[in-house]
$ cat structure.cif   # mmCIF, C-alpha atoms
data_model
#
loop_
_atom_site.label_atom_id
_atom_site.label_comp_id
_atom_site.auth_asym_id
_atom_site.auth_seq_id
_atom_site.Cartn_x
_atom_site.Cartn_y
_atom_site.Cartn_z
CA MET A 1 264.50 -53.86 -89.40
CA LYS A 2 263.26 -57.47 -89.49
CA GLN A 3 264.31 -57.93 -85.86
CA SER A 4 262.26 -54.87 -84.85
CA ILE A 5 259.17 -56.21 -86.58
CA ILE A 6 259.59 -59.64 -85.01
CA LEU A 7 260.12 -58.08 -81.58
CA LEU A 8 257.03 -55.88 -82.00
CA ALA A 9 254.94 -58.89 -83.07
CA LEU A 10 256.19 -60.87 -80.10
CA LEU A 11 255.37 -58.06 -77.67
CA CYS A 12 251.87 -57.66 -79.15
CA SER A 13 251.34 -61.39 -78.85
CA LEU A 14 252.43 -61.39 -75.21
CA TRP A 15 250.19 -58.40 -74.40
CA SER A 16 247.24 -60.05 -76.13
CA ASN A 17 247.82 -63.30 -74.25
CA ALA A 18 248.07 -61.42 -70.95
CA GLN A 19 244.81 -59.62 -71.76
CA ASN A 20 243.12 -62.96 -72.36
CA LYS A 21 244.38 -64.34 -69.05
CA THR A 22 243.28 -61.19 -67.22
CA THR A 23 239.74 -61.28 -68.56
CA ALA A 24 239.33 -65.06 -68.96
CA ALA A 25 236.97 -65.57 -66.00
CA ALA A 26 234.81 -62.58 -66.92
CA ASP A 27 234.83 -63.55 -70.60
CA LYS A 28 233.67 -67.06 -69.70
CA LEU A 29 230.73 -65.65 -67.73
CA PHE A 30 229.90 -63.31 -70.60
CA ALA A 31 230.02 -66.17 -73.13
CA ARG A 32 227.61 -68.15 -70.93
CA LEU A 33 225.24 -65.13 -71.02
CA GLU A 34 225.70 -64.58 -67.28
CA TYR A 35 225.80 -60.85 -67.80
CA VAL A 36 225.27 -59.71 -64.21
CA GLU A 37 228.13 -61.87 -62.97
CA ALA A 38 230.29 -60.93 -65.96
CA ALA A 39 229.72 -57.22 -65.26
CA GLN A 40 230.78 -57.76 -61.65
CA ALA A 41 233.93 -59.56 -62.78
CA TYR A 42 234.82 -56.86 -65.32
CA GLN A 43 234.09 -54.19 -62.70
CA LYS A 44 236.60 -55.83 -60.34
CA LEU A 45 239.21 -55.56 -63.09
CA VAL A 46 238.45 -51.86 -63.51
CA ASP A 47 238.57 -51.35 -59.74
CA ASN A 48 242.00 -53.04 -59.70
CA GLY A 49 243.33 -50.60 -62.30
CA LYS A 50 243.16 -53.05 -65.21
CA GLY A 51 240.44 -51.22 -67.13
CA ASN A 52 240.90 -50.78 -70.86
CA ASN A 53 238.74 -50.29 -73.92
CA TYR A 54 237.98 -54.01 -74.26
CA ILE A 55 236.77 -54.22 -70.66
CA TYR A 56 234.75 -51.00 -70.98
CA ARG A 57 233.02 -52.39 -74.06
CA GLN A 58 232.30 -55.70 -72.34
CA LEU A 59 230.80 -53.82 -69.39
CA ALA A 60 228.66 -51.76 -71.77
CA GLU A 61 227.48 -54.88 -73.58
CA ALA A 62 226.73 -56.72 -70.33
CA TYR A 63 224.66 -53.84 -68.99
CA TYR A 64 222.97 -53.44 -72.38
CA ASN A 65 221.92 -57.10 -72.26
CA VAL A 66 220.32 -56.74 -68.82
CA PHE A 67 218.86 -53.33 -69.78
CA ASN A 68 220.65 -51.36 -67.09
CA SER A 69 220.70 -48.27 -69.27
CA ASN A 70 222.43 -45.96 -66.77
CA GLU A 71 225.43 -48.24 -66.35
CA ALA A 72 225.46 -49.14 -70.05
CA VAL A 73 225.65 -45.48 -71.08
CA LYS A 74 228.53 -44.88 -68.67
CA TRP A 75 230.60 -47.70 -70.15
CA PHE A 76 229.58 -47.08 -73.77
CA ALA A 77 230.84 -43.50 -73.35
CA LEU A 78 234.23 -44.74 -72.13
CA ALA A 79 234.53 -47.38 -74.86
CA ALA A 80 233.51 -44.84 -77.53
CA LYS A 81 236.76 -42.95 -76.97
CA GLU A 82 238.21 -45.46 -79.43
CA SER A 83 236.56 -46.26 -82.75
CA GLN A 84 234.10 -49.16 -82.60
CA ASP A 85 232.00 -51.14 -85.06
CA ALA A 86 228.61 -49.92 -86.27
CA GLU A 87 226.52 -52.11 -83.96
CA PHE A 88 228.25 -50.58 -80.94
CA TYR A 89 226.92 -47.13 -81.85
CA TRP A 90 223.40 -48.45 -82.44
CA LYS A 91 223.33 -50.07 -79.00
CA TYR A 92 224.80 -46.94 -77.42
CA ALA A 93 222.05 -44.87 -79.03
CA GLN A 94 219.35 -47.22 -77.73
CA MET A 95 220.62 -46.87 -74.16
CA LEU A 96 220.78 -43.08 -74.52
CA LYS A 97 217.17 -43.06 -75.75
CA ALA A 98 216.15 -45.18 -72.77
CA ASN A 99 217.64 -42.46 -70.55
CA GLY A 100 215.83 -39.67 -72.41
CA LYS A 101 219.04 -38.28 -73.96
CA TYR A 102 217.62 -37.96 -77.45
CA GLU A 103 220.07 -35.44 -78.91
CA GLU A 104 223.07 -37.50 -77.85
CA ALA A 105 221.32 -40.62 -79.15
CA ASN A 106 220.92 -38.92 -82.53
CA LYS A 107 224.66 -38.21 -82.60
CA GLN A 108 225.43 -41.87 -82.00
CA MET A 109 222.83 -42.91 -84.58
CA ALA A 110 224.54 -40.60 -87.09
CA VAL A 111 227.83 -42.43 -86.47
CA PHE A 112 226.00 -45.74 -86.84
CA ALA A 113 224.42 -44.58 -90.12
CA GLN A 114 227.83 -43.50 -91.42
CA LYS A 115 229.43 -46.85 -90.55
CA ALA A 116 226.51 -48.96 -91.81
CA PRO A 117 224.87 -46.96 -94.61
CA ASN A 118 223.11 -50.01 -96.08
CA ASP A 119 221.50 -51.07 -92.80
CA GLN A 120 217.72 -50.57 -92.75
CA ARG A 121 217.93 -48.99 -89.28
CA ALA A 122 220.37 -46.41 -90.67
CA ALA A 123 218.06 -45.68 -93.59
CA ASN A 124 215.10 -45.25 -91.21
CA PHE A 125 217.12 -42.87 -89.05
CA LYS A 126 218.28 -40.81 -92.03
CA SER A 127 214.72 -40.47 -93.33
CA ASN A 128 213.34 -39.29 -89.96
CA PRO A 129 216.08 -38.53 -87.42
CA ASN A 130 213.86 -36.64 -84.97
CA TYR A 131 210.96 -39.07 -84.77
CA LEU A 132 211.20 -39.33 -80.98
CA SER A 133 210.70 -35.64 -80.36
CA LYS A 134 207.72 -35.70 -82.73
CA LEU A 135 206.20 -38.62 -80.80
CA LEU A 136 206.78 -36.94 -77.45
CA ASP A 137 205.15 -33.71 -78.64
CA LYS A 138 201.87 -35.43 -79.53
CA GLN A 139 198.82 -34.88 -77.36
CA LYS A 140 197.43 -37.78 -75.39
CA ALA A 141 194.67 -39.53 -77.30
CA PHE A 142 192.81 -40.62 -74.14
CA ASN A 143 192.84 -40.46 -70.35
CA VAL A 144 192.75 -43.55 -68.17
CA LYS A 145 190.35 -43.29 -65.24
CA THR A 146 189.60 -45.66 -62.41
CA ILE A 147 185.93 -46.60 -62.24
CA LYS A 148 183.91 -48.10 -59.39
CA ILE A 149 184.09 -51.67 -60.66
CA ASN A 150 187.94 -51.68 -60.41
CA SER A 151 189.56 -53.07 -57.28
CA GLU A 152 193.09 -52.91 -55.85
CA LYS A 153 193.56 -56.55 -56.91
CA THR A 154 194.25 -58.03 -60.33
CA ASP A 155 190.81 -57.89 -61.89
CA PHE A 156 191.59 -60.23 -64.77
CA ALA A 157 193.12 -63.13 -62.83
CA GLY A 158 191.18 -66.34 -63.05
#

$ encode --input "structure.cif" --output "structure tokens"
Amino acid sequence: MKQSIILLALLCSLWSNAQNKTTAAADKLFARLEYVEAAQAYQKLVDNGKGNNYIYRQLAEAYYNVFNSNEAVKWFALAAKESQDAEFYWKYAQMLKANGKYEEANKQMAVFAQKAPNDQRAANFKSNPNYLSKLLDKQKAFNVKTIKINSEKTDFAG
């Protein structure tokens, strides 16, 4: 029994070390906040058949940080197939909102609220989960019109 546990620990250690070597270059770019380059490096790993939950999450985070909401949503969805921390679901919800997917965003916010019940953002969501649809349903308060004194140039430049 002890030998099985030691062997399992050794195998896990080797797999973890291999994972670190596989993603080392991309992780270094990510750590230096070079998110575009990091995303490209992680994408190459996925293209080479080395994609896993860690890489999917890193891709989601990289695209989140450069506000590429379409790509972020794609990778958040893949990473969400395994349980994640609360902040993951909050970020996923923000990217879904940016893409106009409010119902799906509410589902992710509900997971966030469950995982972080004491977070103020969770409390705000619980108190008014459909605030976006209420905002979108409001009538415009004013109309913007072009008047004769406007030009095609920047009128306020000095």

$ atom_distance --input "structure.cif" --atom1 "CA of Leu59 in chain A" --atom2 "CA of Leu132 in chain A"
27.0 Å

$ residues_around --input "structure.cif" --residues "Asp27 in chain A" --least-positions-apart "6" --cutoff "9 Å" --atoms "only C-alpha atoms" --output "list in words"
Asn20, Ala38, Ala41, Tyr42 and Gln58 of chain A

$ resolve_selection --input "structure.cif" --expression "the PyMOL selection byres ((chain A and resi 121) around 12)" --output "MDAnalysis selection string"
chainID A and resid 86:87 89:91 93:94 109:110 112:120 122:129

$ residues_near_point --input "structure.cif" --point "(238.7, -57.1, -63.9)" --cutoff "12 Å" --atoms "all atoms listed in the file" --output "PyMOL selection string"
chain A and resi 19-27+37-52+54-56+58-59

$ axis_aligned_box --input "structure.cif" --around "range 63-75 of chain A" --padding-each-side "4 Å" --output "lines of an AutoDock Vina configuration file"
center_x = 224.7
center_y = -51.0
center_z = -69.4
size_x = 19.7
size_y = 20.2
size_z = 14.0

$ atom_distance --input "structure.cif" --atom1 "CA of Trp75 in chain A" --atom2 "CA of Tyr131 in chain A"
26.0 Å

$ atom_distance --input "structure.cif" --atom1 "CA of Ala62 in chain A" --atom2 "CA of Gly100 in chain A"
20.3 Å

$ resolve_selection --input "structure.cif" --expression "the PyMOL selection byres ((chain A and resi 70) around 10)" --output "PyMOL selection string"
chain A and resi 60+63-64+67-69+71-75+95-96+98-99

$ write_last_selection --input "structure.cif" --atoms "C-alpha atoms" --output "PDB file, in the coordinates of the input"
ATOM      1  CA  ALA A  60     228.660 -51.760 -71.770  1.00  0.00           C
ATOM      2  CA  TYR A  63     224.660 -53.840 -68.990  1.00  0.00           C
ATOM      3  CA  TYR A  64     222.970 -53.440 -72.380  1.00  0.00           C
ATOM      4  CA  PHE A  67     218.860 -53.330 -69.780  1.00  0.00           C
ATOM      5  CA  ASN A  68     220.650 -51.360 -67.090  1.00  0.00           C
ATOM      6  CA  SER A  69     220.700 -48.270 -69.270  1.00  0.00           C
ATOM      7  CA  GLU A  71     225.430 -48.240 -66.350  1.00  0.00           C
ATOM      8  CA  ALA A  72     225.460 -49.140 -70.050  1.00  0.00           C
ATOM      9  CA  VAL A  73     225.650 -45.480 -71.080  1.00  0.00           C
ATOM     10  CA  LYS A  74     228.530 -44.880 -68.670  1.00  0.00           C
ATOM     11  CA  TRP A  75     230.600 -47.700 -70.150  1.00  0.00           C
ATOM     12  CA  MET A  95     220.620 -46.870 -74.160  1.00  0.00           C
ATOM     13  CA  LEU A  96     220.780 -43.080 -74.520  1.00  0.00           C
ATOM     14  CA  ALA A  98     216.150 -45.180 -72.770  1.00  0.00           C
ATOM     15  CA  ASN A  99     217.640 -42.460 -70.550  1.00  0.00           C
TER      16      ASN A  99
END

$ decode --input "structure.cif" --residues "range 36-59 of chain A" --atoms "N, CA and C atoms" --output "PDB file, in the first residue's frame"
ATOM      1  N   VAL A  36      -1.016  39.204 -24.980  1.00  0.00           N
ATOM      2  CA  VAL A  36      -1.214  38.850 -26.391  1.00  0.00           C
ATOM      3  C   VAL A  36      -0.227  37.757 -26.783  1.00  0.00           C
ATOM      4  N   GLU A  37       1.028  37.946 -26.429  1.00  0.00           N
ATOM      5  CA  GLU A  37       2.054  36.956 -26.750  1.00  0.00           C
ATOM      6  C   GLU A  37       1.818  35.662 -25.975  1.00  0.00           C
ATOM      7  N   ALA A  38       1.405  35.782 -24.731  1.00  0.00           N
ATOM      8  CA  ALA A  38       1.117  34.590 -23.920  1.00  0.00           C
ATOM      9  C   ALA A  38      -0.022  33.792 -24.546  1.00  0.00           C
ATOM     10  N   ALA A  39      -1.073  34.486 -24.979  1.00  0.00           N
ATOM     11  CA  ALA A  39      -2.210  33.805 -25.613  1.00  0.00           C
ATOM     12  C   ALA A  39      -1.749  33.063 -26.863  1.00  0.00           C
ATOM     13  N   GLN A  40      -0.874  33.679 -27.639  1.00  0.00           N
ATOM     14  CA  GLN A  40      -0.358  33.018 -28.838  1.00  0.00           C
ATOM     15  C   GLN A  40       0.433  31.762 -28.469  1.00  0.00           C
ATOM     16  N   ALA A  41       1.223  31.858 -27.413  1.00  0.00           N
ATOM     17  CA  ALA A  41       2.022  30.709 -26.981  1.00  0.00           C
ATOM     18  C   ALA A  41       1.129  29.583 -26.457  1.00  0.00           C
ATOM     19  N   TYR A  42       0.127  29.928 -25.662  1.00  0.00           N
ATOM     20  CA  TYR A  42      -0.802  28.909 -25.170  1.00  0.00           C
ATOM     21  C   TYR A  42      -1.597  28.301 -26.335  1.00  0.00           C
ATOM     22  N   GLN A  43      -1.970  29.139 -27.292  1.00  0.00           N
ATOM     23  CA  GLN A  43      -2.722  28.654 -28.444  1.00  0.00           C
ATOM     24  C   GLN A  43      -1.905  27.624 -29.233  1.00  0.00           C
ATOM     25  N   LYS A  44      -0.610  27.863 -29.357  1.00  0.00           N
ATOM     26  CA  LYS A  44       0.264  26.896 -30.046  1.00  0.00           C
ATOM     27  C   LYS A  44       0.247  25.554 -29.328  1.00  0.00           C
ATOM     28  N   LEU A  45       0.227  25.603 -27.998  1.00  0.00           N
ATOM     29  CA  LEU A  45       0.160  24.354 -27.234  1.00  0.00           C
ATOM     30  C   LEU A  45      -1.143  23.610 -27.512  1.00  0.00           C
ATOM     31  N   VAL A  46      -2.237  24.358 -27.556  1.00  0.00           N
ATOM     32  CA  VAL A  46      -3.535  23.745 -27.868  1.00  0.00           C
ATOM     33  C   VAL A  46      -3.507  23.159 -29.277  1.00  0.00           C
ATOM     34  N   ASP A  47      -2.975  23.921 -30.224  1.00  0.00           N
ATOM     35  CA  ASP A  47      -2.906  23.463 -31.612  1.00  0.00           C
ATOM     36  C   ASP A  47      -2.053  22.204 -31.755  1.00  0.00           C
ATOM     37  N   ASN A  48      -1.077  22.038 -30.851  1.00  0.00           N
ATOM     38  CA  ASN A  48      -0.205  20.862 -30.879  1.00  0.00           C
ATOM     39  C   ASN A  48      -0.752  19.711 -30.043  1.00  0.00           C
ATOM     40  N   GLY A  49      -2.015  19.823 -29.641  1.00  0.00           N
ATOM     41  CA  GLY A  49      -2.658  18.743 -28.895  1.00  0.00           C
ATOM     42  C   GLY A  49      -2.291  18.682 -27.428  1.00  0.00           C
ATOM     43  N   LYS A  50      -1.743  19.753 -26.874  1.00  0.00           N
ATOM     44  CA  LYS A  50      -1.328  19.764 -25.475  1.00  0.00           C
ATOM     45  C   LYS A  50      -2.286  20.572 -24.605  1.00  0.00           C
ATOM     46  N   GLY A  51      -3.477  20.846 -25.118  1.00  0.00           N
ATOM     47  CA  GLY A  51      -4.438  21.637 -24.361  1.00  0.00           C
ATOM     48  C   GLY A  51      -4.959  20.878 -23.153  1.00  0.00           C
ATOM     49  N   ASN A  52      -5.110  21.589 -22.062  1.00  0.00           N
ATOM     50  CA  ASN A  52      -5.712  21.034 -20.853  1.00  0.00           C
ATOM     51  C   ASN A  52      -6.382  22.179 -20.100  1.00  0.00           C
ATOM     52  N   ASN A  53      -6.979  21.862 -18.979  1.00  0.00           N
ATOM     53  CA  ASN A  53      -7.742  22.866 -18.249  1.00  0.00           C
ATOM     54  C   ASN A  53      -6.886  24.050 -17.832  1.00  0.00           C
ATOM     55  N   TYR A  54      -5.653  23.803 -17.421  1.00  0.00           N
ATOM     56  CA  TYR A  54      -4.763  24.899 -17.023  1.00  0.00           C
ATOM     57  C   TYR A  54      -4.537  25.843 -18.196  1.00  0.00           C
ATOM     58  N   ILE A  55      -4.253  25.304 -19.358  1.00  0.00           N
ATOM     59  CA  ILE A  55      -3.989  26.127 -20.536  1.00  0.00           C
ATOM     60  C   ILE A  55      -5.253  26.861 -20.965  1.00  0.00           C
ATOM     61  N   TYR A  56      -6.406  26.199 -20.906  1.00  0.00           N
ATOM     62  CA  TYR A  56      -7.658  26.862 -21.263  1.00  0.00           C
ATOM     63  C   TYR A  56      -7.912  28.055 -20.347  1.00  0.00           C
ATOM     64  N   ARG A  57      -7.648  27.860 -19.065  1.00  0.00           N
ATOM     65  CA  ARG A  57      -7.858  28.957 -18.112  1.00  0.00           C
ATOM     66  C   ARG A  57      -6.878  30.103 -18.387  1.00  0.00           C
ATOM     67  N   GLN A  58      -5.641  29.775 -18.665  1.00  0.00           N
ATOM     68  CA  GLN A  58      -4.659  30.820 -18.962  1.00  0.00           C
ATOM     69  C   GLN A  58      -5.058  31.595 -20.222  1.00  0.00           C
ATOM     70  N   LEU A  59      -5.562  30.887 -21.224  1.00  0.00           N
ATOM     71  CA  LEU A  59      -6.045  31.567 -22.434  1.00  0.00           C
ATOM     72  C   LEU A  59      -7.211  32.487 -22.091  1.00  0.00           C
TER      73      LEU A  59
END
